Every structure is written in structure tokens, then in C-alpha cells.
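Notes follow the structure.
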Amino acid sequence: MTRYAAPGQDGALVTFQPRYDHWIGGEYVKPARGQYFENPSPVTGETFCEIARGTAEDVEAALDAAHGAADAWGRTSVADRANILNRIADRMEANLELLAVAETWENGKPVRETLAADIPLAIDHFRYFAGAIRAQEGSLGELDDDTVAYHFHEPLGVVAQIIPWNFPILMATWKLAPALAAGNCVVLKPAEQTPASIHVWMGLIADLLPAGVVNIVNGFGVEAGKPLASSPRVAKVAFTGETTTGRLIMQYASENIKPVTLELGGKSPNIFFDDVSTANDAFFDKALEGFAMFALNQGEVCTCPSRALVQQGHYADFMAAAVDRVDAIKQGHPLDTDTMIGAQASNDQLEKILSYLDIGRQEGAKVLTGGERADLGGELAGGYYVQPTVFEGDNAMRIFQEEIFGPVVSVTSFADFADAIKIANDTLYGLGAGVWTRDTNTAYRAGRAIQAGRVWTNCYHAYPAHAAFGGYKQSGIGRENHKMMLEHYQQTKNLLVSYSPNKLGFF
Amino acid sequence: MARVDVTPAAADLIRSLRGAHGPLMFHQSGGCCDGSSPMCYLEGEFRTGSSDVLLESLRVDGVAEPVTFWMSKSQFELWKHTHLTVDVVPGRGSGFSLEAPEGVRFLIRSRLLTAEELAALQ
């Protein structure tokens, strides 16, 4: 076991500044209205830094900087841009532990996750898009002997990115890497719950990017996010969050006729067919881990496997083993490498989860384990902790239909394949799903029948670059994590060229 | 019989936001991050349409006009058996909701509607 020193203590790997301004045009700029807000760590509930409270004036300044840099950045060679992305990745790799501790202190998640997932995935993401942009080619169509249609990729220019709080650095990376690779400049607004760790990242890599290519405006959605998302000076808006704000961003974008990409969450089914339990072997063990994955990142994942569908034939035995696996989850100090589940990211998130534990019980769902706020005592007493919770109930209940965004799974049984697919698809969303079976035909047919953008098959919660990630139904628009995201950050220029010396003869 | 009520603390906040900004509306969100939270906007900021349901026009003492409470029709189908109470808690909720800069966040508390209440609402 290792316990990393908390920021501010002796021996801490990372030191947060007492105050973060906006990062605009390659330097820190004070907020136009001079206001700041406090940023607490969810680990203890104590404030650890102040953050600039951005407004429309700050957004305009950031857009000025981005537009000033866009022409030159868009003309850099893909080799140059790829080299810069690779250098960013190298710099992050050399500071992996520092970034992991910063991210854990900011978000509350266990450091074993930031060390093994968040930061390594972010590093790889920059490398993936460095490679993808080098390999991308335009196309040409030979229409006839005299006429050729050339298709070029061009950057959009200046794009807006609004980042969620559940993976502050990784989600920023998912958006930054393709946008920068494609030659865009970015104005990025971090979530107001988790605004500081991205500045630690920026401080590490700032010398690698030309001034104005990445700009960070902090602040609240209504004060900084809205002027950014509604600005006619951005060529595209990328947002991860919830449906009402997603719709509002589409409405703003419609006023300016700009594209959006949206990732708006889900209520992902995780399906365990009877044959999972035919042997007590490595695969069975893996499936139990797959069940417990709802607790990863305290359940604050858009693809949290928050509905478990377990076939009736093995339901009793499988659930007994699954609850045992959940009961083995160690809750504790997020900076302790043995801790498996940390703190929820904010007090309002904690309160919302508790409100769902309440309505779940009212609707008659049975608590198989957990079901309460966790009081870890000591310095963690003011933090935001929830016990991993397993409900048993019916898919019509609200806990089966709404994204709780906490360590809560709602379990129901199914009779056969058709029943499983019916329940799986009985949701407004379609972002992720899991299928567990030893039968490859069942796995294939279930994966194709589920209306979701990502179906993990005999695995869950893997997020490698090179596998497209995005939603069906109300879960959003666009596919991240894959080279196809490049085209969401590019215009297509068609040059239609005639090599004939002769006129058409019309005039 | 109302589908949606507000707690005294939420009513205080609504009065204060109304005074600072103007007439207000709510749209109940769904999905990830701050999904399932009620979003408070200036009336008309969020354009509702045929895919939305007006659950309530909330009467709040000291606020001249009703505060509308909306939800998407598809989400309402899944929520219609529950009564909602708008409350407020300390927090930093994201999204574009008006109260976030005040260091507080609107929150929905739910209870099941009784058979009599459901009949009265239909």
C-alpha cells in the first residue's frame, strides 16, 4: 500500500497554485470582472484553490487569442502537429504520478484508477491522434478523362469545448487531441466542479504549444459556458453532459448554423446469460468483475453498467457471488493505492444519489447491499462518500431508467434472449452495453440487437483509443476515441477541376 | 393537486433569482453528469416544443408570474407516477442553470403518487 501525500502536505507530488486565472493567448489573464470562486476537494470537502469566475468578456478575449493563432496553426504540417501531440504525451508520461495525484485530489476518484486508467489513457489518446493525422489522406475522384474532384481536409478554425467533471483530464483530452490534430484552435471551459487539474496539465505542456492554440476559460455554465456555446465566432461546439444542456447547446448552435457533437449519457445494460455460470473458472471471475464495474469511478461514468440483467437460470447463484464481489470493494482515502472506490465529485452529486436511493426504496426495490451514505470519519468526514449499492427491482422503476451517476446498480432478471434485448432496449438512451456469454453466436446477436453505440462483449469499461465511442437515441451525436472524430473537426474542401481546354458549348 | 412543489428553501432561491434575472422556467434534465437535475433558466431561454410536457406552473409567493416546469415527453412517461419537489442543496452543479454561481444547486426529491392523486391528475 502507498499513500500519496495530499497536495499542500509535505512530500506531495503536486502543488496547486492558490489561484488559477484564465489561460488565454499563452499566459494567465485575470478575469475581467475580478471575481473568483472556491474549489473544494471532494476528498475532504475543503477548499484548496480559487478559480477565476469567467464571463462573456473573458470568453471574447479567449476567442480573440484563438482566432489570432488559428491561421498559422491550421497551416502547420501534419508532421509538426503530430510531433507536438507526441511531445505532450511524453511530457505527461514523465509526470504521470503527479497528474494522477492532481486528478484524484480534484475529482475524488481513487488514485489506482488515475494511475492505471485516466492518465495512461490520456497519454495514449494524444499518441493515437498524432498517428491518425499523419495517416489521414484526402481523396480524389476521376469523374471523366478531363475532370477530377479533389477532397481536402481543412480545419474548422476555432472550436468550443465544454468538459465534464467525471474525468477532467481524460475528457479534455478526448476533445483536445482530435481538434488539435486536425489543426483547430480551442477555447475550452472545464467543469466548475473540477476546474483545477487541467491547469496542472497546462502548466506541464504550455511550452509545447504556440500561444493561443489552447485557451482555458474557467467559470460557471450560465456565465462562461453560455457565451462560449452561443458565440458566432466558434465553428463547432463539443459538449459532454446531460440532455437539457445538450438541447440548449443545439439551440444556440442552430442560431449560428454550427455543428455540435454531444455525449449525453446513458443507462447501460450489462447482460449476463445463464452460461456464464456453467463453470467456476477465470471467465466466471471476469464476469463478476464486470458486474462490479458499476463502482468504477464511483459510478460517475456515462457508460456506468447501472442496469444488470441476469438470466433466470443462474440468477440466485450468480447474484450471491456478485454481491460478495461488491462487498469486497474497499472504500477509503482516494490517495491510498489500495482504495477501490473514492469520493463522489461534489456535494450536489452526493445529494442527488441519496435522493435516488430514497425513490428506489419507495418504488419497492430491494437493497441487496449498500444503500447509504458512507461516513469514513477523520479527515474524510466532510467528503462525499456513498456505499456501493445493489438494488433488485423492475425495469420500469426510475432507478432503472435514470442515470444516477453514482455507485448504484439496479438488477433484474430475464427469461430468454428476446426478453433480454427487450429490457436492454427499453431505455431512452443508447451509449453503452455489456454482454457476457460463452456462446459466440449469442454474443454476436445480442451485440447487434442492442441499440447502443458501444457493446462491450465479455469485457466492460475499456476505453482504448481506436474504438469508436458515442451514442444512439438520446445519448448524443458523434463518435469520439477514433479517427472518425477527426472529420467532426474538419471541413471538406472540394476542388472540382477541369483539365479540358474546350468550352461546354452552352454560351 | 400539484405534480410539482417547491420547498421553502427553493422558493427563497426562486424569489432571489427572479429578482436578479427576471421571469424563470425549469426544464428537468436527464442523462449523465448533472442529468436528472432541474435546470433553471430565464423564461424562454430554453425553447420547448412538441417533445416537451408542461408539468406545472409553479406559484411562488413574491413572484408575480408562474414559474413553468417542463420535461421532455419521453422522460415524463417514465416519471409520471411520481410527485416531484424542487429543493436546493449546497453544490456546484454544472450545466447552464442560473443558480450555480450562488454555490447552490436545485435538486429533485421524489415520492410516489397515490392512486387517488393519480386519478385526480388524469
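As shown in the C-alpha cells, the chain order sets the letters A, B, ...; within each chain, residues go from 1, and ligands are also counted from 1 in the order they appear.
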Please build the interface table for chain A against chain B with a cut-off of 8 Å, listing for each qualifying residue the nearest atom pair and the distance in Å to one decimal; count only C-alpha atoms, order rows by chain and increasing number, and write it as CSV.
```
residue,atom,partner,partner_atom,distance
A:Pro164,CA,B:Cys33,CA,7.0
A:Trp165,CA,B:Cys33,CA,7.4
A:Asn166,CA,B:Cys33,CA,7.3
A:Ala191,CA,B:Ser94,CA,6.4
A:Glu192,CA,B:Ser94,CA,6.3
A:Gln193,CA,B:Arg92,CA,5.7
A:Phe220,CA,B:Pro101,CA,6.3
A:Gly221,CA,B:Phe96,CA,4.3
A:Val222,CA,B:Phe96,CA,4.2
A:Glu223,CA,B:Phe96,CA,7.8
A:Gly225,CA,B:Phe96,CA,7.1
A:Lys226,CA,B:Phe96,CA,6.7
A:Gly241,CA,B:Cys33,CA,5.4
A:Glu242,CA,B:Gly31,CA,4.7
A:Thr243,CA,B:Gly30,CA,5.3
A:Thr244,CA,B:Ser29,CA,4.7
A:Thr245,CA,B:Gly95,CA,5.8
A:Leu248,CA,B:Phe46,CA,6.1
A:Gln251,CA,B:Arg47,CA,7.6
A:Leu264,CA,B:Gly31,CA,5.6
A:Gly265,CA,B:Cys32,CA,4.3
A:Gly266,CA,B:Gly31,CA,5.8
A:Lys267,CA,B:Gly31,CA,7.9
A:Glu300,CA,B:Cys33,CA,7.2
A:Val301,CA,B:Cys32,CA,7.6
A:Cys302,CA,B:Cys32,CA,5.4
A:Ser346,CA,B:Gly91,CA,6.6
A:Asn347,CA,B:Gly91,CA,5.4
A:Asp348,CA,B:Gly91,CA,4.7
A:Gln349,CA,B:Asp34,CA,7.6
A:Glu351,CA,B:Val89,CA,7.5
A:Lys352,CA,B:Leu107,CA,6.8
A:Ser355,CA,B:Arg109,CA,6.0
A:Ile359,CA,B:Ser110,CA,6.2
A:Gln362,CA,B:Leu112,CA,7.0
A:Glu363,CA,B:Leu112,CA,7.2
A:Ala396,CA,B:Leu78,CA,7.3
A:Met397,CA,B:Leu78,CA,8.0
A:Arg398,CA,B:Leu78,CA,6.8
A:Gln401,CA,B:Leu78,CA,7.3
A:Glu402,CA,B:Gly30,CA,6.9
A:Glu403,CA,B:Gly31,CA,5.6
A:Ile404,CA,B:Ser36,CA,7.7
A:Phe405,CA,B:Cys32,CA,6.5
A:Leu428,CA,B:Ser74,CA,7.4
A:Tyr429,CA,B:Gly31,CA,7.9
A:Ser475,CA,B:Gly31,CA,7.5
```
Set the distance at 12 Å and use only C-alpha atoms: which residues neighbour B:Ala119 once local chain neighbours fewer than 3 positions away are removed? I'd like the list as a PyMOL selection string. chain B and resi 1+80-81+113-116+122
So what do you get for atom CA of A:Thr55 versus atom CA of A:Val213, distance-wise?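 Straight-line distance from atom CA of A:Thr55 to atom CA of A:Val213 works out to 20.1 Å.
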Picked from chain B by DSSP as helix (DSSP H, G or I), as a tab-separated table (two decimals) with N, CA and C atoms, in the first residue's frame:
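Output below, filename states33.tsv:
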```tsv
chain	number	residue	atom	x	y	z
B	8	PRO	N	-39.58	25.43	0.96
B	8	PRO	CA	-39.39	26.85	1.32
B	8	PRO	C	-38.01	27.36	0.90
B	9	ALA	N	-36.98	26.54	1.04
B	9	ALA	CA	-35.63	26.99	0.65
B	9	ALA	C	-35.55	27.23	-0.86
B	10	ALA	N	-36.18	26.34	-1.63
B	10	ALA	CA	-36.18	26.53	-3.08
B	10	ALA	C	-36.99	27.77	-3.46
B	11	ALA	N	-38.10	28.00	-2.73
B	11	ALA	CA	-38.92	29.19	-3.01
B	11	ALA	C	-38.11	30.46	-2.76
B	12	ASP	N	-37.32	30.46	-1.68
B	12	ASP	CA	-36.46	31.62	-1.40
B	12	ASP	C	-35.50	31.87	-2.55
B	13	LEU	N	-34.89	30.79	-3.03
B	13	LEU	CA	-33.91	30.93	-4.10
B	13	LEU	C	-34.59	31.40	-5.39
B	14	ILE	N	-35.78	30.86	-5.66
B	14	ILE	CA	-36.51	31.28	-6.87
B	14	ILE	C	-36.82	32.78	-6.79
B	15	ARG	N	-37.27	33.24	-5.61
B	15	ARG	CA	-37.54	34.67	-5.44
B	15	ARG	C	-36.28	35.51	-5.71
B	16	SER	N	-35.18	35.05	-5.16
B	16	SER	CA	-33.94	35.81	-5.31
B	16	SER	C	-33.46	35.81	-6.77
B	17	LEU	N	-33.56	34.66	-7.44
B	17	LEU	CA	-33.14	34.59	-8.85
B	17	LEU	C	-34.08	35.43	-9.72
B	18	ARG	N	-35.37	35.38	-9.39
B	18	ARG	CA	-36.34	36.18	-10.15
B	18	ARG	C	-36.01	37.66	-10.04
B	19	GLY	N	-35.66	38.09	-8.82
B	19	GLY	CA	-35.32	39.49	-8.61
B	19	GLY	C	-34.06	39.89	-9.36
B	20	ALA	N	-33.10	38.99	-9.41
B	20	ALA	CA	-31.82	39.32	-10.04
B	20	ALA	C	-31.87	39.23	-11.56
B	21	HIS	N	-32.66	38.27	-12.09
B	21	HIS	CA	-32.57	37.97	-13.53
B	21	HIS	C	-33.85	38.26	-14.31
B	73	LYS	N	-41.23	14.81	-23.17
B	73	LYS	CA	-42.38	13.91	-23.13
B	73	LYS	C	-41.92	12.47	-22.87
B	74	SER	N	-40.83	12.07	-23.50
B	74	SER	CA	-40.38	10.68	-23.34
B	74	SER	C	-39.94	10.43	-21.90
B	75	GLN	N	-39.32	11.42	-21.28
B	75	GLN	CA	-38.90	11.26	-19.89
B	75	GLN	C	-40.11	11.28	-18.96
B	76	PHE	N	-41.08	12.11	-19.27
B	76	PHE	CA	-42.27	12.20	-18.42
B	76	PHE	C	-42.99	10.85	-18.36
B	77	GLU	N	-42.98	10.12	-19.47
B	77	GLU	CA	-43.62	8.80	-19.46
B	77	GLU	C	-43.04	7.91	-18.37
B	78	LEU	N	-41.77	8.12	-18.05
B	78	LEU	CA	-41.09	7.29	-17.05
B	78	LEU	C	-41.18	7.88	-15.64
B	79	TRP	N	-41.59	9.13	-15.55
B	79	TRP	CA	-41.63	9.83	-14.26
B	79	TRP	C	-43.05	10.09	-13.78
B	100	ALA	N	-26.22	28.16	-10.17
B	100	ALA	CA	-24.91	27.57	-9.87
B	100	ALA	C	-23.90	28.58	-9.31
B	101	PRO	N	-23.84	29.81	-9.84
B	101	PRO	CA	-22.85	30.76	-9.28
B	101	PRO	C	-23.12	31.12	-7.82
B	102	GLU	N	-24.31	30.82	-7.32
B	102	GLU	CA	-24.61	31.13	-5.91
B	102	GLU	C	-24.06	30.06	-4.97
B	115	ALA	N	-52.82	6.36	-5.57
B	115	ALA	CA	-53.82	6.07	-6.60
B	115	ALA	C	-54.81	7.21	-6.73
B	116	GLU	N	-55.19	7.80	-5.58
B	116	GLU	CA	-56.16	8.91	-5.61
B	116	GLU	C	-55.54	10.13	-6.32
B	117	GLU	N	-54.29	10.39	-6.02
B	117	GLU	CA	-53.63	11.53	-6.65
B	117	GLU	C	-53.50	11.32	-8.16
B	118	LEU	N	-53.14	10.11	-8.54
B	118	LEU	CA	-53.01	9.82	-9.98
B	118	LEU	C	-54.34	10.02	-10.68
B	119	ALA	N	-55.42	9.56	-10.04
B	119	ALA	CA	-56.74	9.71	-10.64
B	119	ALA	C	-57.09	11.19	-10.76
B	120	ALA	N	-56.76	11.96	-9.72
B	120	ALA	CA	-57.08	13.38	-9.75
B	120	ALA	C	-56.30	14.12	-10.84
B	121	LEU	N	-55.11	13.63	-11.15
B	121	LEU	CA	-54.27	14.30	-12.15
B	121	LEU	C	-54.65	13.95	-13.58
```
Considering only C-alpha atoms, can you say which of A:Lys236, A:Gly203, A:Asp338, A:Val408 comes closest to A:Phe291? A:Val408
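Contact shell of A:Ile257 at 12 Å (only C-alpha atoms; same-chain neighbours under 5 positions omitted): A:Ser230, A:Ser231, A:Pro232, A:Arg233, A:Val234, A:Ala235, A:Lys236, A:Val237, A:Ile249, A:Met250, A:Gln251, A:Tyr252.
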Just list as a PyMOL selection string whatever in stretch 4-120 of chain B DSSP marks as strand (DSSP E or B). chain B and resi 4-6+24-28+31+38-42+52-58+67-72+82-90+104-112
